[in-house]
Structures are given as C-alpha cells and as structure tokens.
>>> print(open('entry_34.cif').read())   # mmCIF, N, CA and C atoms
data_protein
loop_
_atom_site.label_atom_id
_atom_site.label_comp_id
_atom_site.auth_asym_id
_atom_site.auth_seq_id
_atom_site.Cartn_x
_atom_site.Cartn_y
_atom_site.Cartn_z
N MET E 153 56.47 26.07 -66.89
CA MET E 153 55.40 25.48 -66.12
C MET E 153 55.10 26.34 -64.89
N TYR E 154 56.12 26.81 -64.21
CA TYR E 154 55.93 27.65 -63.03
C TYR E 154 55.18 28.92 -63.40
N ASN E 155 55.57 29.55 -64.49
CA ASN E 155 54.93 30.79 -64.92
C ASN E 155 53.45 30.58 -65.20
N THR E 156 53.10 29.46 -65.81
CA THR E 156 51.70 29.16 -66.11
C THR E 156 50.91 29.00 -64.81
N GLN E 157 51.46 28.27 -63.85
CA GLN E 157 50.77 28.07 -62.58
C GLN E 157 50.62 29.41 -61.85
N TYR E 158 51.67 30.19 -61.86
CA TYR E 158 51.63 31.50 -61.20
C TYR E 158 50.58 32.39 -61.87
N SER E 159 50.56 32.38 -63.20
CA SER E 159 49.59 33.19 -63.93
C SER E 159 48.17 32.76 -63.59
N ASN E 160 47.94 31.45 -63.51
CA ASN E 160 46.62 30.95 -63.16
C ASN E 160 46.22 31.38 -61.75
N LEU E 161 47.18 31.36 -60.82
CA LEU E 161 46.90 31.76 -59.45
C LEU E 161 46.56 33.25 -59.39
N VAL E 162 47.33 34.07 -60.08
CA VAL E 162 47.07 35.51 -60.12
C VAL E 162 45.70 35.77 -60.73
N PHE E 163 45.38 35.06 -61.81
CA PHE E 163 44.07 35.23 -62.45
C PHE E 163 42.95 34.83 -61.49
N PHE E 164 43.13 33.71 -60.77
CA PHE E 164 42.12 33.24 -59.82
C PHE E 164 41.91 34.26 -58.70
N ILE E 165 43.00 34.78 -58.13
CA ILE E 165 42.90 35.76 -57.05
C ILE E 165 42.23 37.03 -57.57
N SER E 166 42.65 37.46 -58.75
CA SER E 166 42.07 38.67 -59.34
C SER E 166 40.58 38.47 -59.60
N LYS E 167 40.22 37.32 -60.13
CA LYS E 167 38.82 37.02 -60.44
C LYS E 167 38.01 36.95 -59.14
N SER E 168 38.55 36.35 -58.10
CA SER E 168 37.85 36.25 -56.81
C SER E 168 37.63 37.63 -56.22
N LYS E 169 38.63 38.49 -56.33
CA LYS E 169 38.50 39.84 -55.78
C LYS E 169 37.39 40.59 -56.48
N ASN E 170 37.36 40.52 -57.82
CA ASN E 170 36.31 41.20 -58.57
C ASN E 170 34.95 40.64 -58.21
N SER E 171 34.86 39.32 -58.04
CA SER E 171 33.61 38.69 -57.68
C SER E 171 33.17 39.16 -56.29
N SER E 172 34.11 39.24 -55.35
CA SER E 172 33.80 39.72 -54.01
C SER E 172 33.32 41.17 -54.05
N GLU E 173 33.99 41.98 -54.82
CA GLU E 173 33.59 43.38 -54.95
C GLU E 173 32.19 43.49 -55.53
N GLN E 174 31.90 42.65 -56.51
CA GLN E 174 30.56 42.67 -57.12
C GLN E 174 29.50 42.27 -56.10
N ILE E 175 29.79 41.24 -55.31
CA ILE E 175 28.85 40.78 -54.29
C ILE E 175 28.60 41.89 -53.28
N ILE E 176 29.67 42.51 -52.81
CA ILE E 176 29.53 43.60 -51.83
C ILE E 176 28.73 44.75 -52.43
N ASN E 177 29.06 45.15 -53.65
CA ASN E 177 28.34 46.25 -54.31
C ASN E 177 26.86 45.92 -54.48
N ASN E 178 26.54 44.68 -54.82
CA ASN E 178 25.14 44.29 -54.97
C ASN E 178 24.41 44.35 -53.63
N TRP E 179 25.06 43.90 -52.56
CA TRP E 179 24.46 43.96 -51.23
C TRP E 179 24.20 45.41 -50.83
N ILE E 180 25.18 46.26 -51.06
CA ILE E 180 25.02 47.68 -50.70
C ILE E 180 23.85 48.28 -51.47
N LYS E 181 23.74 47.97 -52.75
CA LYS E 181 22.63 48.48 -53.55
C LYS E 181 21.29 48.03 -52.96
N GLN E 182 21.21 46.76 -52.59
CA GLN E 182 19.97 46.24 -52.02
C GLN E 182 19.64 46.88 -50.68
N LEU E 183 20.65 47.08 -49.84
CA LEU E 183 20.43 47.72 -48.55
C LEU E 183 19.92 49.15 -48.74
N ARG E 184 20.55 49.87 -49.65
CA ARG E 184 20.19 51.26 -49.88
C ARG E 184 18.80 51.43 -50.48
N LYS E 185 18.41 50.45 -51.29
CA LYS E 185 17.19 50.59 -52.08
C LYS E 185 15.97 50.95 -51.23
N GLY E 186 15.67 50.18 -50.22
CA GLY E 186 14.50 50.45 -49.40
C GLY E 186 14.71 51.55 -48.39
N ILE E 187 15.92 51.64 -47.88
CA ILE E 187 16.21 52.60 -46.82
C ILE E 187 16.19 54.04 -47.36
N LEU E 188 16.60 54.23 -48.60
CA LEU E 188 16.58 55.58 -49.17
C LEU E 188 15.17 56.16 -49.19
N GLU E 189 14.19 55.34 -49.52
CA GLU E 189 12.82 55.84 -49.54
C GLU E 189 12.39 56.29 -48.15
N LEU E 190 12.76 55.51 -47.14
CA LEU E 190 12.43 55.88 -45.76
C LEU E 190 13.14 57.17 -45.36
N ALA E 191 14.41 57.30 -45.72
CA ALA E 191 15.18 58.51 -45.38
C ALA E 191 14.61 59.73 -46.09
N ILE E 192 14.25 59.59 -47.35
CA ILE E 192 13.70 60.72 -48.12
C ILE E 192 12.34 61.13 -47.56
N LEU E 193 11.49 60.16 -47.29
CA LEU E 193 10.18 60.46 -46.72
C LEU E 193 10.34 61.15 -45.37
N SER E 194 11.29 60.70 -44.57
CA SER E 194 11.56 61.33 -43.26
C SER E 194 12.01 62.77 -43.42
N TYR E 195 12.90 63.02 -44.37
CA TYR E 195 13.38 64.38 -44.58
C TYR E 195 12.25 65.30 -45.03
N VAL E 196 11.43 64.83 -45.95
CA VAL E 196 10.31 65.64 -46.43
C VAL E 196 9.39 65.98 -45.26
N LYS E 197 9.13 65.02 -44.40
CA LYS E 197 8.26 65.30 -43.24
C LYS E 197 8.94 66.27 -42.28
N ASN E 198 10.20 66.03 -41.97
CA ASN E 198 10.91 66.88 -41.00
C ASN E 198 11.08 68.30 -41.49
N LYS E 199 11.06 68.48 -42.78
CA LYS E 199 11.24 69.81 -43.37
C LYS E 199 10.06 70.72 -43.05
N GLU E 200 8.89 70.13 -42.76
CA GLU E 200 7.65 70.86 -42.44
C GLU E 200 7.12 71.66 -43.62
N SER E 201 7.93 72.50 -44.22
CA SER E 201 7.45 73.21 -45.41
C SER E 201 7.82 72.36 -46.62
N LYS E 202 7.47 72.81 -47.77
CA LYS E 202 7.76 72.05 -48.99
C LYS E 202 9.25 72.10 -49.31
N THR E 203 9.74 71.04 -49.92
CA THR E 203 11.14 70.95 -50.31
C THR E 203 11.22 70.50 -51.77
N TYR E 204 12.33 70.70 -52.39
CA TYR E 204 12.50 70.30 -53.78
C TYR E 204 13.63 69.28 -53.91
N GLY E 205 13.67 68.60 -55.05
CA GLY E 205 14.59 67.48 -55.26
C GLY E 205 16.04 67.80 -55.03
N TYR E 206 16.51 68.91 -55.58
CA TYR E 206 17.93 69.25 -55.43
C TYR E 206 18.28 69.47 -53.97
N GLU E 207 17.38 70.08 -53.21
CA GLU E 207 17.62 70.28 -51.78
C GLU E 207 17.72 68.93 -51.06
N LEU E 208 16.89 67.98 -51.46
CA LEU E 208 16.95 66.64 -50.88
C LEU E 208 18.30 65.98 -51.18
N ILE E 209 18.75 66.10 -52.41
CA ILE E 209 20.04 65.51 -52.79
C ILE E 209 21.16 66.12 -51.95
N LYS E 210 21.17 67.46 -51.83
CA LYS E 210 22.20 68.14 -51.02
C LYS E 210 22.15 67.67 -49.57
N ASN E 211 20.95 67.56 -49.01
CA ASN E 211 20.83 67.14 -47.62
C ASN E 211 21.33 65.72 -47.43
N MET E 212 21.00 64.84 -48.34
CA MET E 212 21.48 63.45 -48.23
C MET E 212 23.01 63.42 -48.28
N LYS E 213 23.58 64.17 -49.20
CA LYS E 213 25.04 64.22 -49.32
C LYS E 213 25.67 64.82 -48.06
N ASN E 214 25.03 65.83 -47.48
CA ASN E 214 25.53 66.42 -46.23
C ASN E 214 25.50 65.42 -45.08
N ASN E 215 24.66 64.40 -45.21
CA ASN E 215 24.58 63.35 -44.21
C ASN E 215 25.30 62.08 -44.67
N ASN E 216 26.24 62.25 -45.60
CA ASN E 216 27.09 61.16 -46.11
C ASN E 216 26.30 60.04 -46.78
N ILE E 217 25.19 60.40 -47.39
CA ILE E 217 24.41 59.46 -48.19
C ILE E 217 24.50 59.95 -49.63
N ASN E 218 25.33 59.28 -50.41
CA ASN E 218 25.53 59.70 -51.80
C ASN E 218 24.37 59.22 -52.65
N ILE E 219 23.71 60.19 -53.25
CA ILE E 219 22.57 59.90 -54.11
C ILE E 219 22.58 60.93 -55.23
N ASP E 220 22.26 60.49 -56.42
CA ASP E 220 22.23 61.44 -57.54
C ASP E 220 20.79 61.61 -58.03
N SER E 221 20.61 62.50 -58.96
CA SER E 221 19.27 62.80 -59.45
C SER E 221 18.63 61.60 -60.14
N ASN E 222 19.44 60.73 -60.75
CA ASN E 222 18.90 59.54 -61.42
C ASN E 222 18.33 58.54 -60.43
N THR E 223 18.67 58.67 -59.17
CA THR E 223 18.10 57.83 -58.13
C THR E 223 16.99 58.59 -57.39
N MET E 224 17.25 59.84 -57.10
CA MET E 224 16.31 60.64 -56.29
C MET E 224 14.95 60.81 -56.96
N TYR E 225 14.94 61.25 -58.21
CA TYR E 225 13.66 61.59 -58.84
C TYR E 225 12.74 60.39 -59.07
N PRO E 226 13.26 59.22 -59.44
CA PRO E 226 12.36 58.06 -59.50
C PRO E 226 11.76 57.70 -58.13
N ILE E 227 12.54 57.86 -57.06
CA ILE E 227 12.00 57.60 -55.73
C ILE E 227 10.90 58.60 -55.41
N LEU E 228 11.13 59.87 -55.71
CA LEU E 228 10.10 60.88 -55.48
C LEU E 228 8.83 60.59 -56.28
N ARG E 229 9.00 60.13 -57.52
CA ARG E 229 7.83 59.78 -58.34
C ARG E 229 7.07 58.60 -57.73
N ARG E 230 7.81 57.59 -57.22
CA ARG E 230 7.14 56.44 -56.58
C ARG E 230 6.39 56.88 -55.33
N LEU E 231 7.02 57.74 -54.52
CA LEU E 231 6.36 58.22 -53.30
C LEU E 231 5.12 59.04 -53.63
N GLU E 232 5.21 59.81 -54.70
CA GLU E 232 4.06 60.61 -55.13
C GLU E 232 2.95 59.72 -55.69
N LYS E 233 3.33 58.75 -56.48
CA LYS E 233 2.35 57.82 -57.05
C LYS E 233 1.63 57.04 -55.95
N SER E 234 2.35 56.74 -54.87
CA SER E 234 1.77 56.04 -53.72
C SER E 234 0.98 56.96 -52.82
N LYS E 235 0.94 58.25 -53.16
CA LYS E 235 0.21 59.28 -52.40
C LYS E 235 0.80 59.51 -51.00
N LEU E 236 2.10 59.25 -50.86
CA LEU E 236 2.78 59.51 -49.59
C LEU E 236 3.32 60.94 -49.54
N ILE E 237 3.58 61.50 -50.73
CA ILE E 237 3.94 62.91 -50.85
C ILE E 237 3.10 63.50 -51.97
N GLU E 238 3.02 64.82 -51.99
CA GLU E 238 2.34 65.51 -53.08
C GLU E 238 3.28 66.60 -53.57
N SER E 239 3.04 67.05 -54.78
CA SER E 239 3.93 68.06 -55.36
C SER E 239 3.14 69.20 -55.97
N LEU E 240 3.84 70.30 -56.13
CA LEU E 240 3.30 71.43 -56.86
C LEU E 240 4.46 72.19 -57.48
N TRP E 241 4.17 72.83 -58.60
CA TRP E 241 5.19 73.63 -59.28
C TRP E 241 5.13 75.05 -58.77
N LYS E 242 6.31 75.60 -58.52
CA LYS E 242 6.39 76.99 -58.09
C LYS E 242 7.56 77.62 -58.82
N THR E 243 7.38 78.86 -59.26
CA THR E 243 8.45 79.58 -59.93
C THR E 243 9.10 80.53 -58.93
N GLN E 244 10.40 80.40 -58.82
CA GLN E 244 11.16 81.24 -57.89
C GLN E 244 12.37 81.78 -58.65
N ASN E 245 12.51 83.10 -58.70
CA ASN E 245 13.60 83.73 -59.47
C ASN E 245 13.59 83.26 -60.92
N ASN E 246 12.40 83.23 -61.51
CA ASN E 246 12.22 82.79 -62.90
C ASN E 246 12.67 81.35 -63.14
N GLN E 247 12.74 80.56 -62.09
CA GLN E 247 13.15 79.16 -62.22
C GLN E 247 12.04 78.27 -61.65
N PRO E 248 11.43 77.44 -62.50
CA PRO E 248 10.37 76.55 -61.99
C PRO E 248 10.97 75.43 -61.14
N ARG E 249 10.31 75.16 -60.02
CA ARG E 249 10.74 74.08 -59.13
C ARG E 249 9.54 73.25 -58.74
N LYS E 250 9.75 71.96 -58.69
CA LYS E 250 8.71 71.07 -58.22
C LYS E 250 8.96 70.84 -56.73
N LEU E 251 8.01 71.29 -55.92
CA LEU E 251 8.14 71.19 -54.48
C LEU E 251 7.34 70.00 -53.96
N PHE E 252 7.88 69.35 -52.93
CA PHE E 252 7.25 68.16 -52.38
C PHE E 252 6.89 68.37 -50.92
N LYS E 253 5.76 67.80 -50.54
CA LYS E 253 5.29 67.87 -49.16
C LYS E 253 4.67 66.52 -48.80
N ILE E 254 4.86 66.08 -47.56
CA ILE E 254 4.30 64.81 -47.13
C ILE E 254 2.78 64.95 -46.95
N THR E 255 2.06 63.90 -47.28
CA THR E 255 0.60 63.89 -47.12
C THR E 255 0.27 63.31 -45.73
N GLU E 256 -0.98 63.39 -45.35
CA GLU E 256 -1.41 62.80 -44.08
C GLU E 256 -1.19 61.28 -44.11
N GLU E 257 -1.50 60.66 -45.24
CA GLU E 257 -1.25 59.23 -45.40
C GLU E 257 0.24 58.94 -45.28
N GLY E 258 1.06 59.81 -45.86
CA GLY E 258 2.51 59.66 -45.78
C GLY E 258 3.01 59.74 -44.35
N LYS E 259 2.42 60.64 -43.56
CA LYS E 259 2.80 60.76 -42.14
C LYS E 259 2.47 59.49 -41.38
N PHE E 260 1.30 58.93 -41.65
CA PHE E 260 0.90 57.70 -40.98
C PHE E 260 1.83 56.54 -41.37
N ILE E 261 2.05 56.39 -42.67
CA ILE E 261 2.92 55.32 -43.17
C ILE E 261 4.33 55.48 -42.61
N LEU E 262 4.84 56.69 -42.62
CA LEU E 262 6.18 56.95 -42.09
C LEU E 262 6.28 56.57 -40.63
N SER E 263 5.29 56.91 -39.85
CA SER E 263 5.28 56.57 -38.43
C SER E 263 5.35 55.06 -38.23
N GLU E 264 4.58 54.33 -39.00
CA GLU E 264 4.59 52.86 -38.90
C GLU E 264 5.92 52.27 -39.38
N LEU E 265 6.45 52.82 -40.47
CA LEU E 265 7.72 52.32 -41.00
C LEU E 265 8.88 52.61 -40.06
N ARG E 266 8.85 53.75 -39.39
CA ARG E 266 9.90 54.06 -38.41
C ARG E 266 9.89 53.05 -37.28
N LYS E 267 8.70 52.69 -36.81
CA LYS E 267 8.61 51.67 -35.75
C LYS E 267 9.21 50.35 -36.23
N GLU E 268 8.79 49.93 -37.42
CA GLU E 268 9.31 48.68 -37.98
C GLU E 268 10.82 48.74 -38.19
N TRP E 269 11.31 49.86 -38.71
CA TRP E 269 12.74 50.03 -38.94
C TRP E 269 13.52 49.90 -37.64
N ASN E 270 13.05 50.57 -36.59
CA ASN E 270 13.76 50.53 -35.31
C ASN E 270 13.79 49.12 -34.72
N ILE E 271 12.70 48.39 -34.82
CA ILE E 271 12.66 47.01 -34.34
C ILE E 271 13.61 46.14 -35.17
N PHE E 272 13.49 46.26 -36.48
CA PHE E 272 14.33 45.47 -37.39
C PHE E 272 15.80 45.77 -37.18
N TYR E 273 16.14 47.05 -37.10
CA TYR E 273 17.54 47.47 -36.90
C TYR E 273 18.08 46.91 -35.59
N ARG E 274 17.34 47.07 -34.52
CA ARG E 274 17.78 46.60 -33.21
C ARG E 274 17.99 45.08 -33.22
N ASN E 275 17.05 44.34 -33.78
CA ASN E 275 17.16 42.88 -33.79
C ASN E 275 18.24 42.36 -34.71
N THR E 276 18.37 42.93 -35.90
CA THR E 276 19.43 42.47 -36.80
C THR E 276 20.80 42.88 -36.29
N ASN E 277 20.88 44.02 -35.64
CA ASN E 277 22.16 44.47 -35.10
C ASN E 277 22.68 43.49 -34.03
N LYS E 278 21.78 42.92 -33.25
CA LYS E 278 22.19 41.93 -32.24
C LYS E 278 22.87 40.75 -32.92
N ILE E 279 22.32 40.31 -34.03
CA ILE E 279 22.87 39.16 -34.75
C ILE E 279 24.16 39.54 -35.48
N ILE E 280 24.13 40.64 -36.19
CA ILE E 280 25.27 41.05 -37.01
C ILE E 280 26.50 41.34 -36.16
N ASN E 281 26.32 41.96 -35.01
CA ASN E 281 27.46 42.38 -34.19
C ASN E 281 27.84 41.38 -33.11
N LYS E 282 27.20 40.22 -33.10
CA LYS E 282 27.54 39.20 -32.12
C LYS E 282 28.90 38.60 -32.48
N GLU E 283 29.78 38.54 -31.51
CA GLU E 283 31.15 38.09 -31.75
C GLU E 283 31.27 36.57 -31.83
N ASN E 284 30.52 35.82 -31.06
CA ASN E 284 30.66 34.36 -31.08
C ASN E 284 29.35 33.65 -31.22
#
>>> encode(input="entry_34.cif", output="structure tokens")
Amino acid sequence: MYNTQYSNLVFFISKSKNSSEQIINNWIKQLRKGILELAILSYVKNKESKTYGYELIKNMKNNNINIDSNTMYPILRRLEKSKLIESLWKTQNNQPRKLFKITEEGKFILSELRKEWNIFYRNTNKIINKEN
C-alpha cells in the first residue's frame, strides 16, 4: 500500500513538473513571437545597408537571442509581405543571397512600434517587478 501511494505521489509531482515546464515554454514562445519581429526589423534598419538572413541569425545569437532559420525566414517573408522590408537577390562569390532592406513604411512603423514597446515595457515592468 505504501509503495502504491508513493508511486502515485512521484507520478503526480513528475506530471506537475512537466505541466509547469510546458506552461513556461508556451509563455516564452508567445513572448518571443511578437518581439522577434520588432528586433529583426530594428536590426535591418540599424544595419543601414542591406543584410541577409544568415547575418540576422548570427547577430541575434550574438545578442543571446536563439533563433534558427525555420523561424527567421518566415518572419522575413511576413515583413516583406507587409511591405516593411524589401529584398533583392545578389550574387557574391558565386553564391546567391537574398538581401533585405527596410522600406520607408517600415521605418515609420518601426518608430511607432518602438514607442509602444517602450511604454508597454515600462508599465508592465512596474507590475511584474512589484514586490508587494
């Protein structure tokens, strides 16, 4: 009888831990989802000249933002479809690369989103970091 109760308790704790991990992972995914687009658009603008996808991935990783090509390229396609960035193909060292540059509309949208982000971040941070 003791072993059965103990096994049930271990199973419950194990199940709760996995559930907690899933909840945390889902929250992280949701947080990253919108913010990555803002970060990528910011990098493309700050780059001034055209940049390519692999360079964006490397830069994000250098800033401790882990992103892979399966995430990066769909975001770039969405930004391009929204006319916030534009692209062109260029061959360099016999290797074709799709280069991205922010559009005027993208600059305007980015400016507005940065303002909103800063307000949102400041206000939510007050709530999240409040001790009592």
>>> select_by_dssp(input="entry_34.cif", residues="chain E", states="strand (DSSP E or B)", output="list of chain:residue names")
E:Thr203, E:Tyr204, E:Ile237, E:Glu238, E:Ser239, E:Leu240, E:Trp241, E:Lys242, E:Thr243, E:Gln244, E:Gln247, E:Pro248, E:Arg249, E:Lys250, E:Leu251, E:Phe252, E:Lys253, E:Ile254
>>> residues_near_point(input="entry_34.cif", point="(10.7, 60.0, -56.5)", cutoff="12 Å", atoms="only C-alpha atoms", output="ChimeraX atom specification")
/E:188-190,192-193,196,204-206,208-209,220-239,250-252
>>> atom_distance(input="entry_34.cif", atom1="CA of Asn270 in chain E", atom2="CA of Thr203 in chain E")
25.5 Å
>>> atom_distance(input="entry_34.cif", atom1="CA of Met212 in chain E", atom2="CA of Tyr195 in chain E")
8.9 Å
>>> atom_distance(input="entry_34.cif", atom1="CA of Asn198 in chain E", atom2="atom N of Ser263 in chain E")
11.5 Å
